[in-house]
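Shown below: coords_36.txt, with compact mmCIF, C-alpha atoms and all ligand atoms.
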# COMPACT_ATOMS: atom_id res chain seq x y z
CA MET A 1 113.78 92.84 91.60
CA THR A 2 112.55 94.92 94.48
CA LYS A 3 110.00 93.13 96.64
CA VAL A 4 106.89 94.21 98.47
CA ILE A 5 106.53 92.16 101.63
CA GLY A 6 103.58 91.81 103.97
CA PHE A 7 103.94 90.45 107.47
CA HIS A 8 102.26 90.16 110.81
CA TYR A 9 104.38 90.91 113.84
CA THR A 10 104.27 90.90 117.58
CA LEU A 11 106.96 92.96 119.26
CA LYS A 12 108.10 92.18 122.80
CA ASP A 13 110.80 93.49 125.07
CA ASP A 14 113.20 91.18 126.92
CA ASP A 15 110.64 90.75 129.72
CA GLY A 16 108.11 89.36 127.24
CA GLU A 17 105.88 92.40 127.50
CA VAL A 18 104.05 93.08 124.22
CA LEU A 19 104.97 96.56 122.96
CA ASP A 20 103.17 96.44 119.65
CA SER A 21 101.41 93.99 117.37
CA SER A 22 99.78 93.92 113.96
CA ARG A 23 97.47 91.10 115.04
CA GLY A 24 93.86 92.13 114.68
CA HIS A 25 94.84 94.66 112.02
CA ASP A 26 95.98 94.37 108.41
CA PRO A 27 99.50 93.01 108.04
CA MET A 28 102.30 95.54 107.70
CA LEU A 29 103.10 96.01 104.01
CA TYR A 30 106.38 97.55 102.97
CA LEU A 31 108.74 98.06 100.08
CA ALA A 32 112.01 96.22 100.76
CA GLY A 33 114.99 98.52 101.15
CA SER A 34 112.87 101.68 101.36
CA GLY A 35 113.67 102.45 104.99
CA THR A 36 110.01 102.10 105.98
CA ILE A 37 110.92 99.62 108.70
CA LEU A 38 114.10 99.19 110.73
CA PRO A 39 116.92 98.24 108.32
CA ALA A 40 117.98 95.28 110.47
CA LEU A 41 114.40 93.98 110.52
CA ASP A 42 114.12 94.51 106.76
CA ALA A 43 117.33 92.51 106.24
CA ALA A 44 116.04 89.64 108.40
CA ILE A 45 112.60 89.54 106.77
CA SER A 46 113.42 90.06 103.12
CA SER A 47 114.96 86.59 102.76
CA LEU A 48 111.84 84.83 104.10
CA ALA A 49 109.04 83.22 102.08
CA VAL A 50 105.27 83.50 102.43
CA GLY A 51 104.09 81.39 105.36
CA ASP A 52 107.42 81.55 107.17
CA ILE A 53 107.20 82.21 110.90
CA LYS A 54 110.31 83.47 112.57
CA SER A 55 111.56 85.07 115.77
CA ILE A 56 113.95 87.95 115.14
CA ALA A 57 115.89 89.50 118.01
CA LEU A 58 117.32 92.96 117.44
CA PRO A 59 119.70 94.36 120.06
CA ALA A 60 118.93 97.99 120.91
CA LYS A 61 121.91 99.19 118.85
CA ASP A 62 120.33 97.64 115.73
CA ALA A 63 116.88 99.03 116.58
CA TYR A 64 116.38 102.52 118.07
CA GLY A 65 119.88 102.84 119.46
CA GLU A 66 121.33 102.98 122.94
CA ILE A 67 120.16 105.58 125.42
CA ASN A 68 122.08 108.83 124.99
CA PRO A 69 122.58 110.39 128.46
CA ALA A 70 123.16 113.79 126.81
CA PHE A 71 119.50 113.78 125.73
CA LYS A 72 118.33 113.53 129.36
CA MET A 73 118.36 116.98 130.92
CA ASN A 74 116.73 119.46 133.26
CA VAL A 75 115.22 122.71 132.13
CA LYS A 76 113.28 125.39 133.98
CA LEU A 77 109.53 125.70 133.80
CA GLY A 78 110.04 129.34 132.73
CA GLN A 79 111.81 128.21 129.53
CA PHE A 80 108.52 126.94 128.09
CA PRO A 81 106.28 129.38 126.23
CA PRO A 82 103.76 131.02 128.57
CA GLY A 83 100.53 129.06 128.81
CA THR A 84 102.17 125.72 127.98
CA ASP A 85 100.59 122.88 129.94
CA VAL A 86 103.89 121.35 131.06
CA LYS A 87 103.24 117.84 132.32
CA PRO A 88 104.66 114.32 131.84
CA GLY A 89 104.12 113.09 128.30
CA LEU A 90 104.21 116.53 126.66
CA GLN A 91 106.29 116.28 123.47
CA PHE A 92 108.13 119.15 121.85
CA LYS A 93 111.16 120.09 119.77
CA ILE A 94 113.86 122.35 121.14
CA ASN A 95 114.42 123.93 117.74
CA ASP A 96 113.25 123.66 114.12
CA GLU A 97 116.18 121.59 112.84
CA PRO A 98 114.75 118.53 111.05
CA ALA A 99 117.36 116.33 112.75
CA SER A 100 116.57 117.65 116.21
CA PRO A 101 115.08 114.93 118.41
CA MET A 102 111.56 115.02 119.79
CA PHE A 103 111.83 115.62 123.52
CA ARG A 104 109.24 114.60 126.06
CA VAL A 105 108.59 115.75 129.58
CA VAL A 106 109.35 112.96 132.03
CA ASN A 107 108.61 114.74 135.30
CA VAL A 108 107.95 118.17 136.78
CA LEU A 109 109.18 119.06 140.26
CA GLY A 110 108.43 122.65 141.17
CA GLU A 111 110.35 124.79 138.68
CA GLU A 112 112.47 121.86 137.48
CA VAL A 113 111.37 120.02 134.36
CA PHE A 114 113.07 116.72 133.50
CA ILE A 115 113.08 116.07 129.76
CA ASP A 116 114.33 113.21 127.58
CA GLY A 117 115.08 113.33 123.86
CA ASN A 118 115.76 109.63 123.48
CA HIS A 119 113.40 107.53 121.38
CA PRO A 120 110.96 105.78 123.76
CA LEU A 121 112.44 102.46 122.58
CA ALA A 122 116.09 103.53 122.89
CA GLY A 123 118.04 101.00 124.93
CA VAL A 124 115.33 98.37 124.47
CA ASN A 125 116.14 95.04 122.84
CA LEU A 126 113.35 94.23 120.40
CA ASN A 127 112.04 90.71 119.91
CA PHE A 128 109.82 90.30 116.87
CA ASP A 129 107.69 87.25 116.09
CA VAL A 130 106.89 87.61 112.40
CA GLU A 131 104.74 85.72 109.93
CA ILE A 132 105.18 86.49 106.25
CA THR A 133 101.79 86.97 104.55
CA GLU A 134 102.83 88.35 101.18
CA SER A 135 105.91 88.62 99.00
CA ARG A 136 105.74 89.87 95.45
CA ASP A 137 107.60 92.00 92.97
CA ALA A 138 107.03 95.72 93.49
CA THR A 139 105.16 97.56 90.73
CA PRO A 140 106.88 100.41 88.86
CA ASP A 141 104.54 102.83 90.70
CA GLU A 142 105.61 101.51 94.08
CA ILE A 143 109.29 101.77 93.19
CA ALA A 144 108.77 105.32 91.90
CA HIS A 145 106.91 106.33 95.08
CA GLY A 146 109.28 104.53 97.44
CA HIS A 147 106.50 102.73 99.32
CA ALA A 148 104.12 99.80 99.02
CA HIS A 149 100.55 100.18 97.78
CA GLY A 150 97.89 98.11 99.51
CA VAL A 151 95.04 96.06 98.09
CA GLY A 152 92.86 98.23 95.88
CA GLY A 153 95.77 100.44 94.88
CA HIS A 154 96.56 103.94 95.91
CA HIS A 155 95.49 105.25 99.30
CA HIS A 156 97.24 108.58 99.49
ZN ZN B 201 102.25 105.81 96.26
What does the file become when written as structure tokens?
Ligand SMILES: [Zn+2]
Amino acid sequence: MTKVIGFHYTLKDDDGEVLDSSRGHDPMLYLAGSGTILPALDAAISSLAVGDIKSIALPAKDAYGEINPAFKMNVKLGQFPPGTDVKPGLQFKINDEPASPMFRVVNVLGEEVFIDGNHPLAGVNLNFDVEITESRDATPDEIAHGHAHGVGGHHH
């Protein structure tokens, strides 16, 4: 039977810096095996019971992957559409292919623009502290939709 699992998490890098946390918000609720969360995290969580607290370490290769040097490149300022406010943090796609990565501007030096198409968490080992808050059988609706429905039913 497919499960719906709720959990609180705090995500830290190897330096102990908190990158993200569900604390202070509703727990994350997801349909097991749906690809909503990282598959390696799903695999580690789906065997836990309500009330379980666990630390789960995912090496970068099991999370957002290693850094791909080919996705770090220089382009010219003139390659951006006229009027674009090219500055660090700007995100854009190079083309319309669905699989094409989202690039972001890292730095601008004169006419040189340094861009990076790696996921911001590529190359980062992820350390999750999780607490399971809910574990139940998925409803037929949830299985049909491929996602979990929160308290009070449908929200989309
Ligand atoms: Zn739905």
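Using only C-alpha atoms and all ligand atoms, the nearest neighbour of ligand ZN 201 (chain B) within the list A:Ala144, A:Leu109, A:Ala43, A:Ala32 is A:Ala144.
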request  = Can you work out which one of A:Lys3, A:His25, A:His149, A:Arg104 has the shortest atom-to-atom distance to Val75 (chain A), counting all atoms listed in the file?
outcome  = A:Arg104
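Residues of protein, DNA and RNA with at least one atom no farther than 12 Å from (123.5, 111.3, 123.8) are, using only C-alpha atoms, Gly65, Glu66, Ile67, Asn68, Pro69, Ala70, Phe71, Lys72, Met73, Pro101, Asp116, Gly117, Asn118, His119, Ala122 and Gly123 of chain A.
Distances from A:Arg23, A:Lys93, A:Lys76, A:His145 to ligand ZN 201 (chain B) were compared using all atoms listed in the file, and the smallest one belongs to A:His145.
For the pair CA of His147 (chain A) and CA of Val4 (chain A), the separation is 8.6 Å.
Take the candidates A:Ile5, A:Ile53, A:Val86, A:Val18 and check each one against Gly33 (chain A) using only C-alpha atoms; the shortest distance goes to A:Ile5.
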task = Would you mind reading off the distance between CA of Asp20 (chain A) and CA of Ile115 (chain A), one decimal, in Å?
result = 24.2 Å
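Atom pair CA of Pro120 (chain A) / CA of Thr133 (chain A): separated by 28.4 Å.
In this comparison, which uses only C-alpha atoms, the residue of A:Asp14, A:Asp137, A:Glu131, A:Glu111 approaching Pro59 (chain A) most closely is A:Asp14.
Using all atoms listed in the file for every distance, the candidate list A:Thr84, A:Ser21, A:Met1, A:Leu58 yields A:Leu58 as the residue closest to Ala44 (chain A).
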What lies within 12 Å of Leu31 (chain A) using all atoms listed in the file, ignoring chain neighbours under 2 positions off, as a JSON list (two decimals) with C-alpha atoms, in the frame of the given file?
[["chain", "number", "residue", "atom", "x", "y", "z"],
["A", 1, "MET", "CA", 113.78, 92.84, 91.60],
["A", 2, "THR", "CA", 112.55, 94.92, 94.48],
["A", 3, "LYS", "CA", 110.00, 93.13, 96.64],
["A", 4, "VAL", "CA", 106.89, 94.21, 98.47],
["A", 5, "ILE", "CA", 106.53, 92.16, 101.63],
["A", 6, "GLY", "CA", 103.58, 91.81, 103.97],
["A", 7, "PHE", "CA", 103.94, 90.45, 107.47],
["A", 28, "MET", "CA", 102.30, 95.54, 107.70],
["A", 29, "LEU", "CA", 103.10, 96.01, 104.01],
["A", 33, "GLY", "CA", 114.99, 98.52, 101.15],
["A", 34, "SER", "CA", 112.87, 101.68, 101.36],
["A", 35, "GLY", "CA", 113.67, 102.45, 104.99],
["A", 36, "THR", "CA", 110.01, 102.10, 105.98],
["A", 37, "ILE", "CA", 110.92, 99.62, 108.70],
["A", 38, "LEU", "CA", 114.10, 99.19, 110.73],
["A", 39, "PRO", "CA", 116.92, 98.24, 108.32],
["A", 42, "ASP", "CA", 114.12, 94.51, 106.76],
["A", 43, "ALA", "CA", 117.33, 92.51, 106.24],
["A", 45, "ILE", "CA", 112.60, 89.54, 106.77],
["A", 46, "SER", "CA", 113.42, 90.06, 103.12],
["A", 134, "GLU", "CA", 102.83, 88.35, 101.18],
["A", 135, "SER", "CA", 105.91, 88.62, 99.00],
["A", 136, "ARG", "CA", 105.74, 89.87, 95.45],
["A", 137, "ASP", "CA", 107.60, 92.00, 92.97],
["A", 138, "ALA", "CA", 107.03, 95.72, 93.49],
["A", 139, "THR", "CA", 105.16, 97.56, 90.73],
["A", 140, "PRO", "CA", 106.88, 100.41, 88.86],
["A", 141, "ASP", "CA", 104.54, 102.83, 90.70],
["A", 142, "GLU", "CA", 105.61, 101.51, 94.08],
["A", 143, "ILE", "CA", 109.29, 101.77, 93.19],
["A", 144, "ALA", "CA", 108.77, 105.32, 91.90],
["A", 145, "HIS", "CA", 106.91, 106.33, 95.08],
["A", 146, "GLY", "CA", 109.28, 104.53, 97.44],
["A", 147, "HIS", "CA", 106.50, 102.73, 99.32],
["A", 148, "ALA", "CA", 104.12, 99.80, 99.02],
["A", 149, "HIS", "CA", 100.55, 100.18, 97.78],
["A", 150, "GLY", "CA", 97.89, 98.11, 99.51]]
query = Which polymer residues have any atom within 9 Å of an atom of Leu90 (chain A), counting only C-alpha atoms, with same-chain residues fewer than 2 positions away left out, as a ChimeraX atom specification?
reply = /A:85-88,92,103-106
Please export region 14-154 of chain A as a JSON list (two decimals), in the first residue's frame, restricted to C-alpha atoms.
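So out_7.json came out as:
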[["chain", "number", "residue", "atom", "x", "y", "z"],
["A", 14, "ASP", "CA", 28.63, 19.70, 6.53],
["A", 15, "ASP", "CA", 29.53, 22.91, 8.39],
["A", 16, "GLY", "CA", 26.31, 22.69, 10.39],
["A", 17, "GLU", "CA", 24.81, 25.71, 8.67],
["A", 18, "VAL", "CA", 21.01, 25.43, 8.41],
["A", 19, "LEU", "CA", 19.99, 25.56, 4.74],
["A", 20, "ASP", "CA", 16.30, 24.90, 5.17],
["A", 21, "SER", "CA", 13.82, 23.80, 7.81],
["A", 22, "SER", "CA", 10.14, 22.99, 8.12],
["A", 23, "ARG", "CA", 10.14, 24.03, 11.77],
["A", 24, "GLY", "CA", 7.66, 26.81, 12.36],
["A", 25, "HIS", "CA", 5.67, 25.69, 9.32],
["A", 26, "ASP", "CA", 3.43, 22.72, 8.60],
["A", 27, "PRO", "CA", 5.30, 19.45, 8.25],
["A", 28, "MET", "CA", 6.23, 18.37, 4.73],
["A", 29, "LEU", "CA", 3.60, 15.91, 3.47],
["A", 30, "TYR", "CA", 4.38, 13.67, 0.54],
["A", 31, "LEU", "CA", 3.28, 10.58, -1.33],
["A", 32, "ALA", "CA", 5.95, 7.88, -1.00],
["A", 33, "GLY", "CA", 7.60, 6.98, -4.29],
["A", 34, "SER", "CA", 6.10, 9.95, -6.17],
["A", 35, "GLY", "CA", 9.39, 11.76, -6.71],
["A", 36, "THR", "CA", 8.19, 14.76, -4.67],
["A", 37, "ILE", "CA", 11.28, 14.59, -2.49],
["A", 38, "LEU", "CA", 14.79, 13.32, -3.21],
["A", 39, "PRO", "CA", 14.55, 9.56, -3.90],
["A", 40, "ALA", "CA", 17.35, 8.77, -1.43],
["A", 41, "LEU", "CA", 15.56, 10.76, 1.29],
["A", 42, "ASP", "CA", 12.27, 9.06, 0.42],
["A", 43, "ALA", "CA", 13.95, 5.65, 0.75],
["A", 44, "ALA", "CA", 15.41, 6.55, 4.16],
["A", 45, "ILE", "CA", 12.16, 8.02, 5.51],
["A", 46, "SER", "CA", 9.57, 5.59, 4.20],
["A", 47, "SER", "CA", 10.66, 2.82, 6.58],
["A", 48, "LEU", "CA", 10.27, 5.03, 9.69],
["A", 49, "ALA", "CA", 7.29, 5.16, 12.05],
["A", 50, "VAL", "CA", 5.41, 8.14, 13.47],
["A", 51, "GLY", "CA", 7.44, 9.73, 16.26],
["A", 52, "ASP", "CA", 10.76, 8.48, 14.93],
["A", 53, "ILE", "CA", 13.57, 11.03, 14.94],
["A", 54, "LYS", "CA", 16.50, 10.32, 12.70],
["A", 55, "SER", "CA", 19.56, 11.93, 11.17],
["A", 56, "ILE", "CA", 19.96, 11.12, 7.49],
["A", 57, "ALA", "CA", 23.16, 12.04, 5.65],
["A", 58, "LEU", "CA", 22.99, 12.19, 1.87],
["A", 59, "PRO", "CA", 26.24, 12.59, -0.05],
["A", 60, "ALA", "CA", 25.96, 15.16, -2.84],
["A", 61, "LYS", "CA", 25.79, 12.41, -5.48],
["A", 62, "ASP", "CA", 22.59, 11.10, -3.83],
["A", 63, "ALA", "CA", 21.14, 14.60, -3.47],
["A", 64, "TYR", "CA", 21.54, 17.29, -6.16],
["A", 65, "GLY", "CA", 24.60, 15.75, -7.77],
["A", 66, "GLU", "CA", 28.22, 16.75, -8.05],
["A", 67, "ILE", "CA", 29.19, 20.10, -9.53],
["A", 68, "ASN", "CA", 29.44, 19.89, -13.31],
["A", 69, "PRO", "CA", 32.31, 22.16, -14.44],
["A", 70, "ALA", "CA", 30.80, 22.27, -17.95],
["A", 71, "PHE", "CA", 27.85, 24.24, -16.51],
["A", 72, "LYS", "CA", 30.18, 27.01, -15.29],
["A", 73, "MET", "CA", 30.96, 29.35, -18.17],
["A", 74, "ASN", "CA", 31.58, 32.88, -19.36],
["A", 75, "VAL", "CA", 29.33, 34.69, -21.77],
["A", 76, "LYS", "CA", 29.33, 38.25, -23.06],
["A", 77, "LEU", "CA", 27.03, 40.93, -21.75],
["A", 78, "GLY", "CA", 25.91, 41.52, -25.35],
["A", 79, "GLN", "CA", 24.47, 37.97, -25.55],
["A", 80, "PHE", "CA", 21.64, 38.94, -23.19],
["A", 81, "PRO", "CA", 18.50, 40.51, -24.66],
["A", 82, "PRO", "CA", 18.74, 44.31, -24.71],
["A", 83, "GLY", "CA", 17.41, 45.88, -21.54],
["A", 84, "THR", "CA", 18.15, 42.83, -19.37],
["A", 85, "ASP", "CA", 19.28, 43.84, -15.89],
["A", 86, "VAL", "CA", 22.27, 41.49, -15.80],
["A", 87, "LYS", "CA", 23.46, 41.17, -12.22],
["A", 88, "PRO", "CA", 24.38, 38.39, -9.77],
["A", 89, "GLY", "CA", 21.39, 36.24, -8.91],
["A", 90, "LEU", "CA", 19.60, 36.72, -12.25],
["A", 91, "GLN", "CA", 18.21, 33.34, -13.35],
["A", 92, "PHE", "CA", 17.51, 32.35, -16.93],
["A", 93, "LYS", "CA", 17.37, 29.44, -19.35],
["A", 94, "ILE", "CA", 19.67, 29.27, -22.34],
["A", 95, "ASN", "CA", 16.99, 27.63, -24.46],
["A", 96, "ASP", "CA", 13.42, 26.29, -24.20],
["A", 97, "GLU", "CA", 14.35, 22.61, -23.80],
["A", 98, "PRO", "CA", 12.54, 21.30, -20.69],
["A", 99, "ALA", "CA", 15.72, 19.48, -19.62],
["A", 100, "SER", "CA", 17.90, 22.56, -19.99],
["A", 101, "PRO", "CA", 19.25, 23.70, -16.62],
["A", 102, "MET", "CA", 18.37, 27.00, -15.00],
["A", 103, "PHE", "CA", 21.46, 29.18, -15.15],
["A", 104, "ARG", "CA", 22.23, 32.01, -12.78],
["A", 105, "VAL", "CA", 24.55, 34.95, -13.04],
["A", 106, "VAL", "CA", 27.39, 34.62, -10.55],
["A", 107, "ASN", "CA", 29.36, 37.74, -11.37],
["A", 108, "VAL", "CA", 29.68, 40.51, -13.94],
["A", 109, "LEU", "CA", 33.08, 42.00, -14.80],
["A", 110, "GLY", "CA", 32.85, 44.57, -17.55],
["A", 111, "GLU", "CA", 31.60, 42.73, -20.62],
["A", 112, "GLU", "CA", 32.25, 39.30, -19.10],
["A", 113, "VAL", "CA", 29.37, 37.52, -17.39],
["A", 114, "PHE", "CA", 30.11, 34.42, -15.31],
["A", 115, "ILE", "CA", 27.18, 32.02, -15.24],
["A", 116, "ASP", "CA", 26.53, 28.69, -13.52],
["A", 117, "GLY", "CA", 23.91, 26.10, -14.45],
["A", 118, "ASN", "CA", 24.54, 23.82, -11.50],
["A", 119, "HIS", "CA", 21.81, 23.40, -8.90],
["A", 120, "PRO", "CA", 22.63, 25.73, -5.96],
["A", 121, "LEU", "CA", 23.00, 22.60, -3.80],
["A", 122, "ALA", "CA", 25.15, 20.66, -6.29],
["A", 123, "GLY", "CA", 28.28, 19.36, -4.60],
["A", 124, "VAL", "CA", 26.78, 19.88, -1.14],
["A", 125, "ASN", "CA", 26.40, 16.96, 1.26],
["A", 126, "LEU", "CA", 22.97, 17.21, 2.85],
["A", 127, "ASN", "CA", 22.35, 16.35, 6.49],
["A", 128, "PHE", "CA", 18.69, 16.01, 7.40],
["A", 129, "ASP", "CA", 17.32, 15.78, 10.94],
["A", 130, "VAL", "CA", 13.82, 14.40, 10.46],
["A", 131, "GLU", "CA", 10.88, 13.71, 12.74],
["A", 132, "ILE", "CA", 8.01, 11.65, 11.37],
["A", 133, "THR", "CA", 4.65, 13.28, 12.16],
["A", 134, "GLU", "CA", 2.29, 11.23, 10.04],
["A", 135, "SER", "CA", 2.22, 7.93, 8.17],
["A", 136, "ARG", "CA", -0.95, 6.58, 6.64],
["A", 137, "ASP", "CA", -2.24, 4.78, 3.60],
["A", 138, "ALA", "CA", -2.69, 7.06, 0.60],
["A", 139, "THR", "CA", -6.26, 7.60, -0.60],
["A", 140, "PRO", "CA", -7.23, 6.55, -4.14],
["A", 141, "ASP", "CA", -7.42, 10.27, -5.05],
["A", 142, "GLU", "CA", -3.87, 10.87, -3.86],
["A", 143, "ILE", "CA", -2.56, 7.88, -5.81],
["A", 144, "ALA", "CA", -4.43, 9.03, -8.92],
["A", 145, "HIS", "CA", -3.05, 12.58, -8.59],
["A", 146, "GLY", "CA", 0.48, 11.47, -7.69],
["A", 147, "HIS", "CA", 0.70, 13.73, -4.63],
["A", 148, "ALA", "CA", -0.44, 13.99, -1.03],
["A", 149, "HIS", "CA", -3.51, 15.96, 0.00],
["A", 150, "GLY", "CA", -3.30, 17.93, 3.23],
["A", 151, "VAL", "CA", -5.75, 18.26, 6.10],
["A", 152, "GLY", "CA", -9.10, 19.47, 4.80],
["A", 153, "GLY", "CA", -8.61, 17.80, 1.44],
["A", 154, "HIS", "CA", -7.84, 19.33, -1.88]]
